[in-house]
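File shown: upload.cif (mmCIF, C-alpha atoms and all ligand atoms).
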```
data_query
#
loop_
_atom_site.label_atom_id
_atom_site.label_comp_id
_atom_site.auth_asym_id
_atom_site.auth_seq_id
_atom_site.Cartn_x
_atom_site.Cartn_y
_atom_site.Cartn_z
CA MET V 13 -25.77 12.70 35.97
CA ALA V 14 -23.57 11.67 33.09
CA GLU V 15 -25.00 9.45 30.37
CA LYS V 16 -24.71 5.76 31.13
CA LYS V 17 -22.19 4.05 28.91
CA THR V 18 -23.26 0.55 28.01
CA LEU V 19 -22.45 -2.18 25.50
CA GLU V 20 -24.56 -0.24 23.03
CA THR V 21 -22.30 2.80 23.53
CA LEU V 22 -19.23 0.65 22.87
CA PHE V 23 -20.90 -0.87 19.83
CA HIS V 24 -21.75 2.54 18.36
CA ASP V 25 -18.25 3.96 19.08
CA THR V 26 -16.54 0.94 17.55
CA LEU V 27 -18.82 1.15 14.53
CA LYS V 28 -17.63 4.75 13.99
CA ASP V 29 -14.02 3.60 14.33
CA ILE V 30 -14.30 0.91 11.67
CA TYR V 31 -16.38 3.17 9.41
CA TYR V 32 -13.55 5.71 9.44
CA ALA V 33 -11.02 2.90 8.89
CA GLU V 34 -12.88 1.34 5.94
CA ARG V 35 -13.06 4.66 4.12
CA LYS V 36 -9.32 5.16 4.61
CA ILE V 37 -8.67 1.63 3.35
CA LEU V 38 -10.84 2.32 0.29
CA LYS V 39 -8.50 5.18 -0.62
CA ALA V 40 -5.30 3.28 0.21
CA LEU V 41 -5.96 0.09 -1.77
CA PRO V 42 -5.66 1.64 -5.27
CA LYS V 43 -2.25 3.05 -4.25
CA MET V 44 -1.22 -0.39 -3.02
CA ALA V 45 -2.41 -1.91 -6.33
CA ARG V 46 -0.45 0.66 -8.35
CA GLY V 47 2.66 0.05 -6.27
CA ALA V 48 2.54 -3.74 -6.52
CA SER V 49 4.80 -5.35 -9.08
CA SER V 50 3.18 -8.82 -9.10
CA SER V 51 0.08 -8.88 -11.32
CA GLN V 52 -1.54 -11.35 -8.91
CA LEU V 53 -0.99 -9.04 -5.96
CA LYS V 54 -2.35 -6.10 -7.98
CA ALA V 55 -5.45 -8.17 -8.78
CA ALA V 56 -5.85 -9.15 -5.11
CA PHE V 57 -5.73 -5.49 -4.04
CA GLU V 58 -8.19 -4.47 -6.76
CA LYS V 59 -10.60 -7.23 -5.79
CA HIS V 60 -10.43 -6.22 -2.17
CA ARG V 61 -10.98 -2.57 -3.06
CA ASP V 62 -14.31 -3.58 -4.61
CA GLN V 63 -15.19 -5.65 -1.53
CA THR V 64 -14.28 -2.70 0.69
CA GLU V 65 -16.83 -0.55 -1.11
CA VAL V 66 -19.44 -3.08 -0.01
CA HIS V 67 -18.02 -3.10 3.54
CA VAL V 68 -18.69 0.64 3.73
CA GLU V 69 -22.26 0.09 2.50
CA ARG V 70 -22.87 -2.68 5.04
CA LEU V 71 -21.71 -0.38 7.83
CA GLN V 72 -24.13 2.28 6.60
CA GLN V 73 -26.88 -0.35 6.89
CA VAL V 74 -25.80 -1.15 10.46
CA PHE V 75 -25.95 2.56 11.39
CA GLU V 76 -29.45 2.58 9.91
CA ILE V 77 -30.49 -0.42 12.01
CA LEU V 78 -29.23 1.46 15.08
CA GLY V 79 -31.18 4.53 14.02
CA LYS V 80 -27.97 6.55 13.94
CA ARG V 81 -26.35 8.72 11.31
CA ALA V 82 -23.39 7.03 9.54
CA GLN V 83 -20.43 8.87 10.99
CA GLY V 84 -16.73 8.10 11.34
CA LYS V 85 -14.42 8.80 14.26
CA THR V 86 -10.67 9.19 13.71
CA CYS V 87 -8.99 5.82 14.13
CA GLU V 88 -5.32 6.26 15.02
CA ALA V 89 -4.67 2.55 14.56
CA ILE V 90 -5.59 2.56 10.87
CA GLU V 91 -3.68 5.80 10.28
CA GLY V 92 -0.59 4.05 11.65
CA LEU V 93 -1.11 0.85 9.68
CA ILE V 94 -1.65 2.76 6.43
CA ALA V 95 1.44 4.89 7.13
CA GLU V 96 3.42 1.66 7.45
CA GLY V 97 2.11 0.56 4.05
CA GLU V 98 3.22 3.89 2.60
CA GLU V 99 6.68 3.37 4.08
CA ILE V 100 6.91 0.12 2.12
CA LEU V 101 5.61 1.82 -1.04
CA ASP V 102 8.28 4.53 -0.79
CA GLY V 103 11.12 2.59 0.73
CA PHE V 104 10.94 -0.56 -1.43
CA LYS V 105 9.97 0.98 -4.77
CA GLY V 106 11.59 -1.05 -7.58
CA GLN V 107 13.07 -3.53 -5.09
CA PRO V 108 12.64 -7.32 -5.10
CA ALA V 109 10.94 -7.28 -1.69
CA ILE V 110 8.23 -4.72 -2.59
CA ASP V 111 5.43 -7.28 -3.01
CA ALA V 112 6.25 -9.31 0.10
CA GLY V 113 6.30 -6.02 2.02
CA LEU V 114 3.01 -4.74 0.59
CA ALA V 115 1.28 -8.07 1.26
CA SER V 116 2.44 -8.03 4.88
CA ALA V 117 1.32 -4.41 5.34
CA ALA V 118 -2.09 -5.30 3.89
CA GLN V 119 -2.35 -8.28 6.21
CA ALA V 120 -1.77 -6.05 9.23
CA VAL V 121 -4.79 -4.02 8.06
CA GLU V 122 -6.87 -7.18 7.57
CA HIS V 123 -5.98 -8.36 11.07
CA TYR V 124 -7.14 -5.03 12.49
CA GLU V 125 -10.42 -5.39 10.62
CA ILE V 126 -10.81 -9.01 11.74
CA ALA V 127 -10.39 -7.90 15.37
CA ARG V 128 -12.97 -5.13 14.97
CA TYR V 129 -15.57 -7.11 13.01
CA GLY V 130 -15.17 -10.12 15.32
CA THR V 131 -16.01 -7.95 18.30
CA LEU V 132 -18.80 -6.03 16.53
CA ALA V 133 -20.52 -9.18 15.26
CA ARG V 134 -20.42 -10.67 18.75
CA TRP V 135 -21.76 -7.50 20.38
CA ALA V 136 -24.51 -7.18 17.77
CA GLY V 137 -25.60 -10.71 18.68
CA GLU V 138 -25.61 -9.91 22.38
CA LEU V 139 -27.59 -6.73 21.74
CA GLY V 140 -30.19 -8.75 19.82
CA LEU V 141 -29.39 -6.98 16.53
CA LYS V 142 -29.63 -10.08 14.35
CA ASP V 143 -29.57 -8.31 10.99
CA ALA V 144 -26.58 -6.21 12.00
CA GLN V 145 -24.82 -9.33 13.26
CA LYS V 146 -25.34 -10.99 9.89
CA LEU V 147 -23.96 -8.00 7.96
CA LEU V 148 -20.90 -7.76 10.22
CA ALA V 149 -20.24 -11.51 10.09
CA THR V 150 -20.38 -11.44 6.28
CA THR V 151 -17.72 -8.74 6.15
CA LEU V 152 -15.66 -10.59 8.78
CA GLN V 153 -15.69 -13.66 6.56
CA GLU V 154 -14.44 -11.61 3.56
CA GLU V 155 -11.62 -10.08 5.62
CA THR V 156 -10.58 -13.54 6.80
CA ALA V 157 -10.62 -14.88 3.23
CA THR V 158 -8.54 -11.90 2.03
CA ASP V 159 -5.97 -12.51 4.76
CA ALA V 160 -5.75 -16.20 3.77
CA ALA V 161 -5.43 -15.33 0.07
CA LEU V 162 -2.53 -12.96 0.83
CA THR V 163 -0.78 -15.62 2.91
CA ALA V 164 -1.16 -18.13 0.07
CA LEU V 165 0.18 -15.65 -2.50
CA ALA V 166 3.16 -14.74 -0.30
CA GLU V 167 4.03 -18.38 0.27
CA LYS V 168 3.57 -19.33 -3.37
CA THR V 169 5.49 -16.49 -5.07
CA LEU V 170 6.03 -13.17 -3.28
CA ASN V 171 8.49 -14.32 -0.63
CA GLN V 172 10.58 -16.22 -3.18
CA SER V 173 10.74 -13.16 -5.47
CA ALA V 174 11.81 -11.08 -2.49
CA MET V 175 14.80 -13.36 -1.93
CA ALA V 176 16.08 -13.08 -5.51
CA ALA V 177 19.81 -12.31 -5.56
FE FE B 1 -13.03 -4.16 5.10
FE FE B 2 -10.17 -5.62 4.46
#
```
This structure in structure tokens:
Amino acid sequence: MAEKKTLETLFHDTLKDIYYAERKILKALPKMARGASSSQLKAAFEKHRDQTEVHVERLQQVFEILGKRAQGKTCEAIEGLIAEGEEILDGFKGQPAIDAGLASAAQAVEHYEIARYGTLARWAGELGLKDAQKLLATTLQEETATDAALTALAEKTLNQSAMAA
């Protein structure tokens, strides 16, 4: 008989998905920072790169709690979202709308992470993995704060700069 697939299976598979995604994001953020023209946006990307390093470490702790090896599984969603960011980097280089575009691409990534961590934190709670739930909820809160910071920056300066004649 085939192995029974349960909520724990889903939890472990989704953990591998976000682990793969976080490591991709860790590599993408410095490129986004280099491509940004606004010094505030650069700083936001650099700050989030440092946070992302911690996100990877927290996931390694969650794998440890599960008694599983930290292992990623190709996440097509993040490949697509990062490719969209690269399209902005290439297509809007030197253009007034580069920063508004990069911020929006980064927010699409944050929203993906928010969806994943929201689910994972909830599942960890239901599986009785309190420590894992706490780690995942902490990262979720940082992703949410990053998304809000990017919205604020876009509304305050980036969108206006993008409209410059
Ligand atoms: Fe993250
Ligand atoms: Fe993030």
Extract, using only C-alpha atoms, all DNA, RNA and protein residues at most 12 Å from His60 in chain V, discarding same-chain residues fewer than 3 positions from it, and format them as a PyMOL selection string. chain V and resi 34+37-42+44-45+53-57+63-67+118-119+121-122+151+154-159+161-162
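Using all atoms listed in the file, the nearest neighbour of ligand FE 1 (chain B) within the list V:Ser51, V:Thr150, V:Thr163, V:Ser173 is V:Thr150.
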What is the distance, in Å and to one decimal place, between CA of Leu170 in chain V and CA of Glu125 in chain V? 22.9 Å
Minimum-distance residue to ligand FE 1 (chain B), chosen among V:Leu114, V:Ala48, V:Ile126, V:Ile90 (using all atoms listed in the file):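 Ranked by minimum distance to ligand FE 1 (chain B), first place goes to V:Ile126.
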What is the CA of Ala109 in chain V-CA of Asp62 in chain V distance in Å, reported with one decimal? 25.7 Å
Which value, in Å to one decimal, gives the distance between CA of Ile100 in chain V and CA of Ala117 in chain V?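 Atom-to-atom, CA of Ile100 in chain V and CA of Ala117 in chain V are spaced 7.9 Å apart.
In this comparison, which uses only C-alpha atoms, the residue of V:Ile30, V:Gly113, V:Trp135, V:Gly47 approaching Glu88 in chain V most closely is V:Ile30.
Minimum distance to ligand FE 2 (chain B) across V:Ala174, V:Leu27, V:Ala33, V:Leu141 (counting all atoms listed in the file) occurs at V:Ala33.
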Nearest to Gly130 in chain V: which of V:Leu93, V:Leu147, V:Ala164, V:Ala82 is it, counting only C-alpha atoms?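 Closest candidate: V:Leu147.
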Give the padded box for range 113-123 of chain V as lines of an AutoDock Vina configuration file: axis-aligned, covering all atoms listed in the file, 8 Å on each side, centre and edge lengths in Å to one decimal.
```
center_x = -0.3
center_y = -6.2
center_z = 5.8
size_x = 29.2
size_y = 20.3
size_z = 26.5
```
In terms of the shortest atom-to-atom distance over only C-alpha atoms and all ligand atoms, which of V:Leu152, V:Phe104, V:Glu58, V:Lys17 is closest to ligand FE 1 (chain B)?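 For ligand FE 1 (chain B), the nearest of the given residues is V:Leu152.
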Name the residues in contact with Phe75 in chain V at a cut-off of 12 Å, using only C-alpha atoms, excluding same-chain residues fewer than 4 positions from it; report them as a PDB file with C-alpha atoms, in the coordinates of the input.
```
ATOM      1  CA  PHE V  23     -20.900  -0.870  19.830  1.00  0.00           C
ATOM      2  CA  HIS V  24     -21.750   2.540  18.360  1.00  0.00           C
ATOM      3  CA  ASP V  25     -18.250   3.960  19.080  1.00  0.00           C
ATOM      4  CA  THR V  26     -16.540   0.940  17.550  1.00  0.00           C
ATOM      5  CA  LEU V  27     -18.820   1.150  14.530  1.00  0.00           C
ATOM      6  CA  LYS V  28     -17.630   4.750  13.990  1.00  0.00           C
ATOM      7  CA  ILE V  30     -14.300   0.910  11.670  1.00  0.00           C
ATOM      8  CA  TYR V  31     -16.380   3.170   9.410  1.00  0.00           C
ATOM      9  CA  VAL V  68     -18.690   0.640   3.730  1.00  0.00           C
ATOM     10  CA  GLU V  69     -22.260   0.090   2.500  1.00  0.00           C
ATOM     11  CA  ARG V  70     -22.870  -2.680   5.040  1.00  0.00           C
ATOM     12  CA  LEU V  71     -21.710  -0.380   7.830  1.00  0.00           C
ATOM     13  CA  GLY V  79     -31.180   4.530  14.020  1.00  0.00           C
ATOM     14  CA  LYS V  80     -27.970   6.550  13.940  1.00  0.00           C
ATOM     15  CA  ARG V  81     -26.350   8.720  11.310  1.00  0.00           C
ATOM     16  CA  ALA V  82     -23.390   7.030   9.540  1.00  0.00           C
ATOM     17  CA  GLN V  83     -20.430   8.870  10.990  1.00  0.00           C
ATOM     18  CA  GLY V  84     -16.730   8.100  11.340  1.00  0.00           C
ATOM     19  CA  ALA V 136     -24.510  -7.180  17.770  1.00  0.00           C
ATOM     20  CA  LEU V 141     -29.390  -6.980  16.530  1.00  0.00           C
ATOM     21  CA  ASP V 143     -29.570  -8.310  10.990  1.00  0.00           C
ATOM     22  CA  ALA V 144     -26.580  -6.210  12.000  1.00  0.00           C
ATOM     23  CA  LEU V 147     -23.960  -8.000   7.960  1.00  0.00           C
ATOM     24  CA  LEU V 148     -20.900  -7.760  10.220  1.00  0.00           C
TER      25      LEU V 148
END
```
